[in-house]
Amino acid sequence: MLLTDDLHVTLDAEAGLVRALDGLSLTLQRGETFALVGESGCGKSMTALALMRLLPDNGRIDQGRVDLGADVPDGKPTELLYLPEREMRRIRGGHVGIIFQEPATSLNPVMRVGDQIVEAIEAHTTLRGPAARRKAIEWLRRVGIPEPERRIDSYPFEMSGGQKQRVMIAMTLAAEPRYLIADEPTTALDVTIQKQVLDLLKTLQQERDLGLLLITHDLGVVTDMAHRVALMYAGQIIEEAPAADFFAQPRHPYARMLLQALPDAQSRGKPLVSIGGTVPPLWQTFEGCRFAPRCDRVQVSCRQQRPLLERDTARGEAAVRCWFPLTPSSESQQPEVVARLPYSGTDLAATPPLLLEVQSLSVAFRSGGGLFRRRHEVAAVQDVSFTLRAGQTLALVGESGCGKTTTGRAIVQLLRDQAQAHVSGQAWLHRGAERLDLVAASSAALREARQAIQMVFQDPFASLNPRMRVSEILEEGLCSLRPDWSAAKRLSRVVELVERVGLRADALQRFPHEFSGGQRQRLAIARALAVEPQVLVCDEPTSALDVSVQAQILNLLREVQAQMGLGMLFITHNMGVVSYLADHVAVMQGGCIVEQGEAEQVLKEPRHSYTRTLLAAVPAHPAPRG
C-alpha cells in the first residue's frame, strides 16, 4: 500500500510562497488503478514529483507522510520523506516507477534510447549486458515500437512525440516496479497505440499486482482504466469516489462541469461548456471555497467558509469538499448555448475561397553514409494531396509515426534547412487572386508568407524560448511579421491574447518553465494567433490540455475561425475533438492518405479497414452530461 497523508508542498516564487499541495491524502492499493484528474496547474504533476522526492530546487515538503507500508524487500514500513537520498534512489524505479508528462525533456538527448532502457534494467534487475539489451528490445516491442531491433539504436530526436512517450513507458516498466505513477502516459499517443499501452498496463497489473496512480485529463481513459477517481483543484482533492459513481453521479459542481465540457458529435456546431476564469494563484490566502469564483452554484457561505473533504457514509469510499454538493434531485444549471455562426466573409451559398492546396507532397529522409555505412532513404510522406478552404477544418489522423507531423512541417517549410530531408510536390498558399508554392518559394517570399500560415507545435516546452518572458515570446512574431504595428498596438494585442487563451495578465512577466504543460500549450496557441494568420497548422494542440481548458481552446479556435475565415489543418489523435471540430477528415497510414472525405461520412461509415481499426480503439465516452 502506498499511503500519502496530509501532504503539504510549497514553492518559493517571485510572487510569494506558492502552496502547491495543501493537505493532500490518498491511498493506492496493490492491483488497483487510482486516477488523479483535474485542471492544468491544480497540482497533479506536483503530487507525482512529491511522492518521488523529485521536487524542483525551489520546492519543499513542509509536512505530511508518504509510506510504502511493507512493500519493500525487508518487509519494514518505509516513510519515503525521511530516507537518505542513497536509499531513495533504490526506491525510485525498482519499487515506485514514474512516467513523466513530457518525454522530450525526460530522455537524455545524447544517449541512444536502448542505452537508457538498459541502464534502468541493470540498475534495478539482475540482468546485465546482452541479456539486458534483449530485455530492452522486448519492452520496445511490447509498447508498440516498430522494428525494435533497429530502433533501439536511435536517438530521441529521431523519433516522433508518440514514439518517445512509448520509450519512456518501456524504460519505466522494464525496471519492474511495484507501484507506477503515470503522469499523462498517453498524452502523445494515438488511439490504437493508446489502447495497446493501456491493455499492456492492465496485463502487467494482473501479472504483478501493480498499483497504478494514473494522472490524466483524458476522462475516456479514466472510464476504461480506473477503479477510483480523485478530482483535484487548486492544490486540494475536492471529490473522491469509485469510478462508476464519479461518472454516474458527480457531486462537486466542478466535476459536473468537466463532464459537460467533453467534445463529441452531439456538441457540434455549438460552443462547448467551458468553465470561466482560471485556477486561482496558490500564493494567495483562501477564505472560502477555492472554486467559488467560478462556480455556478455559489452562495454567500461558499466565499466565507472553507469546506472540508467530507466522507459520504451512504456512498462508501466517496468524499466531496463542497458546502452544497449535487444530489440526484439537484437542478443542473445549464449554461446558455448559442449556435456558432459560420464564416460570413463570403456568400454562404458560394464555395468558400481556397486557402491551401497540397498536391503530391512527398518527404524523404536520408540517413547513414560515410566510410563504412551505406546511405539509405526513408519515405516518410508519400504522394499526399488535399485542399483546405476558408472557415473549414481538415483533421489529419493516424498512428504515431505515420507522417502527420512531417506533413504539417513540410507544408510550413520547417524542413527546408535540414540537409537530410527532401521535400517534393506542391503546397499552394492562396492569398486572394495570388498563390504561392511554399515548397519552391524563395526565402524572401516564404518570410512574407509566414504571416498567413502559422503552426502550433505538439511539444510546447521545446517550441518556446526558455530564456524569454511570455511578453517577449508573443511580441516577437508581431515585431517580425507586423512591423507596421505600433508598440502600443502590439502590447494591446499581447494582453488580449493571453486573456483569450485563459491565462491571467501576470503571465506576461513569467518564463515558460514557470507554467504547467497545458498552460505552455495555451501560450503556443496565443503566439500562433498573434499575427492573425489565414491558415493554422495545429499539431496535437489539445494533447496536453485538460478537459475544461480544451473546451476553452476549441471554442476560441472556432470563434476565430468564424470571425476570420481561418482554415485549420488539425493534426490530432483525439477522435472526440475530430467529431466535434472537423469538417473533413484525412486518415494517414504509413505516410499515405488511405481515406478522406466529409467528417460525418468517415466517422460513421468508414470504408478503409485501417479507419475502422482506429475508431474501434477509441475509449468509451463518459455517459452522463448533466
# chains A, B, ... in the order shown; residues from 1 in each chain; ligands from 1
>>> residues_around(residues="range 400-402 of chain A", least_positions_apart="5", cutoff="10 Å", atoms="only C-alpha atoms", output="number ranges by chain")
A: 145-146, 159-163, 188-193, 380-381, 407, 572-573, 587-593
>>> residues_around(residues="range 50-60 of chain A", least_positions_apart="3", cutoff="8 Å", atoms="only C-alpha atoms", output="number ranges by chain")
A: 9-13, 46-47, 66, 80-81, 92, 96
>>> write_last_selection(atoms="N, CA, C and O atoms", output="compact mmCIF listing (two decimals), in the first residue's frame")
# COMPACT_ATOMS: atom_id res chain seq x y z
N VAL A 9 3.08 20.86 0.23
CA VAL A 9 4.24 21.21 -0.58
C VAL A 9 4.19 22.69 -0.90
O VAL A 9 3.16 23.21 -1.34
N THR A 10 5.30 23.39 -0.69
CA THR A 10 5.38 24.81 -1.02
C THR A 10 6.54 25.06 -1.98
O THR A 10 7.53 24.32 -1.99
N LEU A 11 6.40 26.12 -2.77
CA LEU A 11 7.41 26.53 -3.73
C LEU A 11 7.73 28.00 -3.49
O LEU A 11 6.82 28.81 -3.31
N ASP A 12 9.00 28.34 -3.53
CA ASP A 12 9.41 29.74 -3.44
C ASP A 12 9.35 30.35 -4.84
O ASP A 12 10.00 29.85 -5.76
N ALA A 13 8.57 31.41 -4.99
CA ALA A 13 8.43 32.08 -6.28
C ALA A 13 8.54 33.59 -6.08
O ALA A 13 8.44 34.10 -4.95
N MET A 46 2.63 17.91 -9.52
CA MET A 46 3.39 18.20 -8.30
C MET A 46 3.22 17.06 -7.29
O MET A 46 4.15 16.74 -6.54
N THR A 47 2.05 16.44 -7.28
CA THR A 47 1.83 15.27 -6.43
C THR A 47 2.79 14.15 -6.80
O THR A 47 3.42 13.54 -5.93
N VAL A 66 4.56 9.98 3.45
CA VAL A 66 4.45 9.09 2.30
C VAL A 66 5.05 7.76 2.72
O VAL A 66 6.24 7.68 3.02
N LEU A 80 9.01 7.44 3.01
CA LEU A 80 9.91 7.89 1.95
C LEU A 80 10.48 9.28 2.21
O LEU A 80 11.58 9.60 1.75
N LEU A 81 9.75 10.13 2.92
CA LEU A 81 10.19 11.51 3.10
C LEU A 81 11.42 11.62 3.99
O LEU A 81 12.10 12.65 3.98
N ARG A 92 13.24 4.55 -6.08
CA ARG A 92 12.81 5.04 -7.40
C ARG A 92 13.14 4.00 -8.47
O ARG A 92 14.26 3.53 -8.57
N VAL A 96 8.96 2.12 -6.91
CA VAL A 96 7.97 3.08 -7.42
C VAL A 96 8.54 3.70 -8.68
O VAL A 96 9.55 4.41 -8.64
>>> residues_around(residues="range 601-617 of chain A", least_positions_apart="3", cutoff="10 Å", atoms="only C-alpha atoms", output="list of chain:residue names")
A:Asp190, A:Val191, A:Thr192, A:Ile193, A:Gln194, A:Lys195, A:Gln196, A:Ala265, A:Val397, A:Gly398, A:Glu399, A:His573, A:Met575, A:Val578, A:Ser579, A:His584, A:Val585, A:Ala586, A:Val587, A:Met588, A:Gln589, A:Val594, A:Glu595, A:Gln596, A:Gly597, A:Glu598, A:Ala620
>>> atom_distance(atom1="CA of His252 in chain A", atom2="CA of Tyr580 in chain A")
26.0 Å
>>> residues_around(residues="range 173-181 of chain A", least_positions_apart="6", cutoff="6 Å", atoms="only C-alpha atoms", output="list in words")
Gly93, Gly94, His95, Val96, Gly97, Ile98, Ala120, Ile121, His124, Leu210, Gly211, Leu212 and Leu213 of chain A
>>> select_by_dssp(residues="range 416-531 of chain A", states="strand (DSSP E)", output="list in words")
Ala421, His422, Val423, Ser424, Gly425, Gln426, Ala427, Trp428, Leu429, His430, Arg431, Glu434, Arg435, Leu436, Asp437, Ile453, Gln454, Met455 and Val456 of chain A
>>> closest_residue(among="A:Leu464, A:Met568, A:Ala226, A:Ala364", to="Val37 in chain A", atoms="only C-alpha atoms")
A:Ala226
>>> residues_around(residues="Ala507 in chain A", least_positions_apart="6", cutoff="10 Å", atoms="only C-alpha atoms", output="ChimeraX atom specification")
/A:469-471,495,498-499,514-515,519,523
>>> select_by_dssp(residues="range 402-508 of chain A", states="helix (DSSP H, G or I)", output="PyMOL selection string")
chain A and resi 404-411+443-449+460-463+470-481+487-500+505-508
>>> closest_residue(among="A:Val494, A:Leu388, A:Leu354, A:Val197", to="Asp506 in chain A", atoms="only C-alpha atoms")
A:Val494
